[in-house]
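Structure below is coords15.tsv: TSV, C-alpha atoms and all ligand atoms.
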```
chain	number	residue	atom	x	y	z
F	1	MET	CA	-46.07	-4.65	-75.07
F	2	LEU	CA	-44.48	-4.29	-71.64
F	3	ASN	CA	-43.34	-7.50	-69.97
F	4	LYS	CA	-41.96	-8.21	-66.52
F	5	TRP	CA	-39.47	-11.02	-66.74
F	6	GLU	CA	-37.07	-12.62	-64.27
F	7	GLY	CA	-33.62	-13.01	-65.72
F	8	ILE	CA	-29.86	-12.92	-65.49
F	9	ILE	CA	-27.59	-10.55	-67.41
F	10	LEU	CA	-25.23	-12.55	-69.62
F	11	ARG	CA	-23.56	-9.69	-71.43
F	12	SER	CA	-23.56	-5.92	-71.40
F	13	MET	CA	-22.02	-3.90	-74.23
F	14	PRO	CA	-21.57	-0.14	-74.38
F	15	TYR	CA	-23.51	1.39	-77.25
F	16	GLY	CA	-23.03	4.98	-78.34
F	17	GLU	CA	-22.50	7.80	-75.87
F	18	SER	CA	-24.62	6.59	-73.02
F	19	ASN	CA	-26.45	3.35	-73.82
F	20	LYS	CA	-25.84	-0.33	-73.29
F	21	ILE	CA	-27.04	-3.34	-75.21
F	22	VAL	CA	-27.71	-6.17	-72.80
F	23	THR	CA	-28.21	-9.86	-73.40
F	24	LEU	CA	-30.32	-11.58	-70.76
F	25	TYR	CA	-31.48	-15.09	-70.20
F	26	THR	CA	-34.99	-14.90	-68.80
F	27	ARG	CA	-37.10	-17.57	-67.18
F	28	GLU	CA	-40.21	-16.66	-69.17
F	29	ALA	CA	-38.88	-15.73	-72.62
F	30	GLY	CA	-35.45	-17.35	-72.86
F	31	LYS	CA	-32.54	-15.39	-74.25
F	32	LEU	CA	-33.12	-11.89	-75.53
F	33	THR	CA	-31.30	-8.68	-76.30
F	34	ALA	CA	-32.48	-5.27	-75.18
F	35	MET	CA	-31.36	-1.65	-75.38
F	36	ALA	CA	-30.81	0.03	-72.02
F	37	ARG	CA	-30.94	3.75	-72.73
F	38	GLY	CA	-28.65	5.86	-70.57
F	39	ALA	CA	-27.35	2.80	-68.70
F	40	LYS	CA	-23.71	3.74	-69.34
F	41	LYS	CA	-24.07	6.82	-67.14
F	42	PRO	CA	-23.17	5.93	-63.54
F	43	ALA	CA	-26.13	7.94	-62.21
F	44	SER	CA	-28.61	6.03	-64.37
F	45	ARG	CA	-31.11	3.85	-62.54
F	46	LEU	CA	-30.20	1.18	-65.11
F	47	ALA	CA	-26.44	1.31	-64.41
F	48	ALA	CA	-26.33	-1.30	-61.64
F	49	ILE	CA	-29.03	-3.62	-62.93
F	50	THR	CA	-27.26	-4.02	-66.30
F	51	GLN	CA	-24.01	-5.36	-64.81
F	52	PRO	CA	-23.13	-8.88	-65.97
F	53	PHE	CA	-24.31	-11.74	-63.67
F	54	THR	CA	-27.06	-9.60	-62.07
F	55	HIS	CA	-30.15	-11.63	-61.25
F	56	GLY	CA	-33.20	-9.43	-61.34
F	57	SER	CA	-36.67	-8.74	-62.47
F	58	PHE	CA	-36.74	-6.69	-65.67
F	59	LEU	CA	-39.40	-4.58	-67.33
F	60	ILE	CA	-38.92	-4.96	-71.07
F	61	GLN	CA	-40.77	-3.21	-73.86
F	62	LYS	CA	-40.96	-5.61	-76.74
F	63	GLY	CA	-41.50	-4.31	-80.24
F	64	ARG	CA	-40.31	-5.52	-83.58
F	65	GLY	CA	-36.60	-6.23	-83.36
F	66	MET	CA	-34.65	-5.42	-80.22
F	67	GLY	CA	-36.59	-4.73	-77.04
F	68	THR	CA	-36.01	-1.88	-74.64
F	69	LEU	CA	-35.09	-2.39	-71.00
F	70	GLU	CA	-37.23	0.14	-69.17
F	71	GLN	CA	-36.61	-0.78	-65.54
F	72	GLY	CA	-35.07	-3.43	-63.36
F	73	GLU	CA	-35.16	-4.56	-59.76
F	74	PRO	CA	-32.21	-6.57	-58.46
F	75	ILE	CA	-32.99	-9.94	-56.84
F	76	ASP	CA	-29.29	-10.63	-56.28
F	77	SER	CA	-26.42	-8.47	-57.51
F	78	MET	CA	-24.00	-11.44	-57.15
F	79	ARG	CA	-21.60	-9.40	-55.10
F	80	HIS	CA	-19.08	-12.18	-54.40
F	81	ILE	CA	-18.81	-13.01	-58.10
F	82	ARG	CA	-18.07	-9.38	-58.83
F	83	GLU	CA	-15.46	-9.00	-56.09
F	84	ASP	CA	-13.53	-12.27	-56.31
F	85	LEU	CA	-11.20	-12.84	-59.25
F	86	GLU	CA	-11.60	-16.60	-59.34
F	87	ALA	CA	-15.39	-16.44	-58.98
F	88	THR	CA	-15.55	-13.83	-61.77
F	89	ALA	CA	-13.43	-15.98	-64.07
F	90	TYR	CA	-15.54	-19.14	-63.63
F	91	ALA	CA	-18.84	-17.25	-63.72
F	92	SER	CA	-17.71	-15.57	-66.97
F	93	TYR	CA	-16.96	-18.98	-68.40
F	94	VAL	CA	-20.40	-20.34	-67.42
F	95	VAL	CA	-22.18	-17.33	-68.85
F	96	GLU	CA	-20.18	-17.34	-72.11
F	97	LEU	CA	-20.75	-21.06	-72.62
F	98	ILE	CA	-24.52	-20.70	-72.16
F	99	ASP	CA	-24.59	-17.59	-74.34
F	100	ARG	CA	-22.71	-19.29	-77.17
F	101	LEU	CA	-24.85	-22.43	-77.15
F	102	THR	CA	-28.23	-20.67	-77.19
F	103	GLU	CA	-30.11	-18.45	-79.64
F	104	ASP	CA	-32.21	-15.35	-79.03
F	105	GLY	CA	-35.85	-16.24	-78.53
F	106	GLU	CA	-35.17	-19.83	-77.50
F	107	ARG	CA	-36.81	-20.55	-74.19
F	108	SER	CA	-35.73	-23.33	-71.85
F	109	GLU	CA	-36.61	-23.65	-68.17
F	110	GLY	CA	-33.80	-26.19	-67.90
F	111	ILE	CA	-31.12	-23.82	-69.17
F	112	TYR	CA	-32.45	-20.96	-67.07
F	113	GLY	CA	-32.45	-23.21	-64.00
F	114	LEU	CA	-28.89	-24.34	-64.69
F	115	LEU	CA	-27.63	-20.79	-65.16
F	116	HIS	CA	-29.47	-19.61	-62.06
F	117	GLU	CA	-28.22	-22.45	-59.85
F	118	ALA	CA	-24.65	-22.24	-61.12
F	119	LEU	CA	-24.28	-18.48	-60.57
F	120	HIS	CA	-25.92	-18.61	-57.15
F	121	ALA	CA	-23.65	-21.51	-56.13
F	122	ILE	CA	-20.54	-19.61	-57.26
F	123	ASN	CA	-21.81	-16.50	-55.49
F	124	GLU	CA	-22.34	-18.53	-52.31
F	125	GLN	CA	-18.68	-19.57	-52.55
F	126	TYR	CA	-19.01	-23.19	-53.54
F	127	ASP	CA	-15.96	-24.34	-55.50
F	128	PRO	CA	-16.36	-22.34	-58.73
F	129	GLU	CA	-14.16	-24.73	-60.72
F	130	ALA	CA	-16.46	-27.64	-59.85
F	131	ILE	CA	-19.60	-25.61	-60.59
F	132	ALA	CA	-18.27	-24.61	-64.03
F	133	LEU	CA	-17.48	-28.26	-64.73
F	134	PHE	CA	-21.01	-29.36	-63.81
F	135	VAL	CA	-22.34	-26.77	-66.24
F	136	GLU	CA	-20.05	-27.98	-69.03
F	137	TRP	CA	-21.29	-31.56	-68.62
F	138	LYS	CA	-24.93	-30.55	-68.35
F	139	MET	CA	-24.80	-28.29	-71.41
F	140	LEU	CA	-23.63	-31.11	-73.70
F	141	PRO	CA	-27.18	-31.95	-74.90
F	142	VAL	CA	-27.78	-28.27	-75.66
F	143	ALA	CA	-24.66	-28.45	-77.84
F	144	GLY	CA	-26.20	-31.45	-79.61
F	145	ILE	CA	-24.10	-34.07	-77.81
F	146	HIS	CA	-25.89	-36.92	-76.07
F	147	PRO	CA	-23.28	-39.10	-74.39
F	148	VAL	CA	-24.29	-42.72	-73.74
F	149	LEU	CA	-23.63	-43.13	-70.03
F	150	HIS	CA	-26.30	-45.57	-68.85
F	151	GLN	CA	-25.02	-48.56	-70.84
F	152	CYS	CA	-22.35	-49.67	-73.32
F	153	ALA	CA	-22.66	-47.40	-76.37
F	154	ASN	CA	-21.96	-50.34	-78.68
F	155	CYS	CA	-23.80	-53.41	-77.31
F	156	GLY	CA	-26.08	-51.96	-74.63
F	157	ALA	CA	-24.61	-54.04	-71.80
F	158	THR	CA	-24.93	-52.60	-68.31
F	159	GLU	CA	-22.62	-55.10	-66.58
F	160	GLY	CA	-18.87	-55.42	-66.82
F	161	GLU	CA	-15.83	-53.22	-66.85
F	162	PHE	CA	-16.19	-49.89	-68.61
F	163	ALA	CA	-14.04	-47.41	-70.46
F	164	PHE	CA	-14.78	-44.01	-71.92
F	165	SER	CA	-14.68	-43.64	-75.67
F	166	PHE	CA	-14.44	-40.27	-77.43
F	167	LYS	CA	-15.29	-41.99	-80.69
F	168	GLU	CA	-18.61	-43.30	-79.34
F	169	ILE	CA	-19.03	-40.37	-76.90
F	170	GLY	CA	-19.89	-42.63	-74.03
F	171	PHE	CA	-19.04	-45.83	-72.24
F	172	LEU	CA	-17.85	-49.06	-73.81
F	173	CYS	CA	-17.96	-52.35	-71.91
F	174	HIS	CA	-14.93	-54.66	-71.82
F	175	ARG	CA	-16.48	-56.83	-74.57
F	176	CYS	CA	-16.42	-53.83	-76.90
F	177	PHE	CA	-13.06	-52.24	-76.00
F	178	HIS	CA	-11.69	-53.35	-79.38
F	179	ILE	CA	-13.91	-50.99	-81.40
F	180	ASP	CA	-11.97	-47.92	-80.22
F	181	ARG	CA	-8.18	-47.96	-80.01
F	182	TYR	CA	-8.09	-44.85	-77.85
F	183	ILE	CA	-10.41	-45.77	-74.99
F	184	ILE	CA	-9.81	-44.21	-71.58
F	185	ARG	CA	-9.96	-46.90	-68.87
F	186	ILE	CA	-12.03	-45.76	-65.90
F	187	SER	CA	-12.67	-47.05	-62.39
F	188	PRO	CA	-16.21	-47.72	-61.10
F	189	THR	CA	-15.85	-44.53	-59.02
F	190	GLN	CA	-15.00	-42.49	-62.10
F	191	LEU	CA	-17.92	-44.05	-63.95
F	192	LYS	CA	-20.29	-42.94	-61.20
F	193	LEU	CA	-18.73	-39.50	-61.14
F	194	ILE	CA	-19.25	-39.00	-64.88
F	195	ARG	CA	-22.92	-39.95	-64.54
F	196	THR	CA	-23.28	-37.64	-61.56
F	197	PHE	CA	-21.76	-34.67	-63.38
F	198	TYR	CA	-24.04	-35.24	-66.33
F	199	THR	CA	-27.33	-35.99	-64.60
F	200	VAL	CA	-27.54	-34.81	-60.99
F	201	PRO	CA	-28.82	-31.21	-60.50
F	202	ILE	CA	-26.31	-28.65	-59.25
F	203	ASN	CA	-28.29	-27.94	-56.09
F	204	ARG	CA	-27.64	-31.55	-55.07
F	205	VAL	CA	-23.96	-31.76	-56.03
F	206	GLY	CA	-22.75	-28.16	-55.68
F	207	ASN	CA	-21.39	-28.79	-52.19
F	208	LEU	CA	-19.32	-31.87	-53.13
F	209	THR	CA	-15.65	-31.40	-52.34
F	210	LEU	CA	-13.67	-32.69	-55.27
F	211	LYS	CA	-9.97	-33.45	-55.40
F	212	LYS	CA	-7.89	-31.44	-57.84
F	213	THR	CA	-7.04	-34.63	-59.74
F	214	THR	CA	-10.74	-35.53	-60.02
F	215	LYS	CA	-11.55	-32.13	-61.45
F	216	GLN	CA	-8.64	-32.37	-63.87
F	217	PHE	CA	-9.84	-35.77	-65.08
F	218	MET	CA	-13.45	-34.59	-65.53
F	219	LYS	CA	-12.26	-31.44	-67.26
F	220	LYS	CA	-10.03	-33.32	-69.69
F	221	LEU	CA	-12.96	-35.51	-70.75
F	222	VAL	CA	-15.52	-32.78	-71.22
F	223	ARG	CA	-13.14	-30.29	-72.86
F	224	THR	CA	-12.00	-32.92	-75.35
F	225	ILE	CA	-15.65	-33.52	-76.29
F	226	TYR	CA	-16.24	-29.78	-76.75
F	227	ASP	CA	-13.04	-29.34	-78.76
F	228	GLU	CA	-13.63	-32.31	-81.02
F	229	GLN	CA	-17.40	-32.28	-81.39
F	230	VAL	CA	-18.67	-28.77	-80.73
F	231	GLY	CA	-15.71	-26.69	-81.82
F	232	ILE	CA	-16.43	-23.45	-80.01
F	233	ARG	CA	-13.66	-21.25	-78.64
F	234	LEU	CA	-14.54	-19.31	-75.53
F	235	LYS	CA	-12.72	-16.06	-74.79
F	236	SER	CA	-13.04	-16.61	-71.05
F	237	ARG	CA	-11.27	-19.97	-71.30
F	238	SER	CA	-7.80	-18.60	-72.00
F	239	PHE	CA	-8.09	-16.36	-68.96
F	240	LEU	CA	-9.18	-19.33	-66.85
F	241	ASP	CA	-6.30	-21.43	-68.16
F	242	GLN	CA	-3.86	-18.68	-67.18
F	243	LEU	CA	-5.45	-18.43	-63.76
F	244	GLU	CA	-5.26	-22.18	-63.22
F	245	SER	CA	-1.60	-22.29	-64.19
F	246	THR	CA	-0.82	-19.46	-61.74
F	247	PRO	CA	-2.00	-20.95	-58.43
F	248	GLU	CA	-0.18	-18.28	-56.37
F	249	LEU	CA	-2.93	-15.89	-57.48
F	250	LEU	CA	-5.41	-18.13	-55.66
F	251	PRO	CA	-3.84	-19.07	-52.34
F	252	ARG	CA	-6.88	-19.72	-50.21
F	253	ARG	CA	-8.47	-22.73	-51.91
F	254	GLU	CA	-5.44	-24.95	-52.49
F	255	LYS	CA	-5.28	-26.60	-49.06
F	256	THR	CA	-8.80	-27.91	-48.73
F	257	GLU	CA	-8.76	-29.51	-52.14
F	258	GLU	CA	-6.69	-32.58	-51.45
F	259	GLN	CA	-8.89	-33.78	-48.61
F	260	GLY	CA	-11.05	-36.12	-50.60
F	261	GLU	CA	-14.40	-36.30	-52.28
Z	301	ZN	ZN	-20.37	-53.53	-75.09
```

Transcribe the structure of this file into structure tokens.
Amino acid sequence: MLNKWEGIILRSMPYGESNKIVTLYTREAGKLTAMARGAKKPASRLAAITQPFTHGSFLIQKGRGMGTLEQGEPIDSMRHIREDLEATAYASYVVELIDRLTEDGERSEGIYGLLHEALHAINEQYDPEAIALFVEWKMLPVAGIHPVLHQCANCGATEGEFAFSFKEIGFLCHRCFHIDRYIIRISPTQLKLIRTFYTVPINRVGNLTLKKTTKQFMKKLVRTIYDEQVGIRLKSRSFLDQLESTPELLPRREKTEEQGE
């Protein structure tokens, strides 16, 4: 059966002399893997369309087992992501995270929408670090983590002072601070920010300008949750960490960052 599906290339692996095996996340059929015959040859009509991050419409022959990618039409080749080191690094992180947390054949409009919005935002030169962070927060439920952020995770109170608890994975009100020795005290602004990162769609927050310290705080929280609760190691993360600790590689963004939220 031949299907025409809209999707984004997550991964592309050389296979044999001239083929590629591609992993796509499609709007209609979720994640799937397909053989792209001849795609390794530069002259192949499949060469460009099978590049990672490409958003396109794909003609896929589905049989038993792995499908075959017959044809593809680019919708957006994500040129900026491909040409900018920082954009590539964060887009790789987003794509790897989504790939690792999903299974072949699982279909989710929500995940497709998140992937689509995040890559387009990075490609349109929104702050890629912020976009990747939004994705990390929003993928928590897919990883099986449902942080309690609308009330105190212990007593359900919605009024009072709040702290973040890794033990409860969510907020604790001041009446319940004693149940976790390692709470992180947060300001009302930080509380709102955490809710925003978790719940507000990227197309509404992608253009927020975040201070470096804000991003570091949000990153520390979400990465601790992933490390302690999900336990996946992403290859693209060590590259990102190197990039972030070598700011001279990324001169152009540093100035605008301290100007506020
Ligand atoms: Zn409480």

Item to check | For Ile145 of chain F, the nearest of the candidates F:Leu115, F:Val95, F:Leu32, F:Val230, counting only C-alpha atoms | outcome: F:Val230

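The gap separating atom CA of Gly206 of chain F from atom CA of Ala121 of chain F is 6.7 Å, in Å to one decimal.
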
Checklist entry - Using only C-alpha atoms and all ligand atoms, which residue out of F:Val205, F:Ile131, F:Cys155, F:Val200 lies closest to ligand ZN 301 (chain Z)? => result F:Cys155

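The space separating atom CA of Ala43 of chain F from atom CA of Glu83 of chain F comes to 20.9 Å.
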
Checklist entry - Could you name the residues that touch segment 50-63 of chain F at 9 Å or less, counting only C-alpha atoms, but leaving out those on the same chain fewer than 6 positions away, as a count of residues only? => result 37

Next on the checklist: As a quick test: using all atoms listed in the file, which residues lie no more than 8 Å away from ligand ZN 301 (chain Z)? Give them as a PyMOL selection string.
Outcome noted: chain F and resi 152-157+172-177

Checklist outcome for this item: Of F:Glu109, F:Leu234, F:Glu129, F:Glu103, the one nearest to Thr88 of chain F when counting only C-alpha atoms is F:Glu129

Checklist outcome for this item: atom CA of Thr23 of chain F sits from atom CA of Tyr198 of chain F at a separation of 26.7 Å

Item to check | Ala89 of chain F environment, 10 Å, all atoms listed in the file, sequence neighbours closer than 4 positions dropped, as a ChimeraX atom specification | outcome: /F:81-82,84-85,93-94,128-129,132,236-237,239-241,243

Item to check | Neighbour residues at most 12 Å from (-13.0, -39.8, -64.0) (all atoms listed in the file) as JSON, numbers by chain | outcome: {"F": [162, 163, 164, 171, 184, 185, 186, 187, 188, 189, 190, 191, 192, 193, 194, 195, 196, 197, 210, 211, 212, 213, 214, 215, 216, 217, 218, 219, 220, 221, 222]}

Item to check | Ile169 of chain F environment, 8 Å, only C-alpha atoms, sequence neighbours closer than 6 positions dropped, as a list in words | outcome: His146, Pro147, Val148, Ala153 and Ile225 of chain F

Can you write out the residues you just picked, keeping C-alpha atoms, as a compact mmCIF listing (two decimals), in the coordinates of the input?
```
# COMPACT_ATOMS: atom_id res chain seq x y z
CA HIS F 146 -25.89 -36.92 -76.07
CA PRO F 147 -23.28 -39.10 -74.39
CA VAL F 148 -24.29 -42.72 -73.74
CA ALA F 153 -22.66 -47.40 -76.37
CA ILE F 225 -15.65 -33.52 -76.29
```
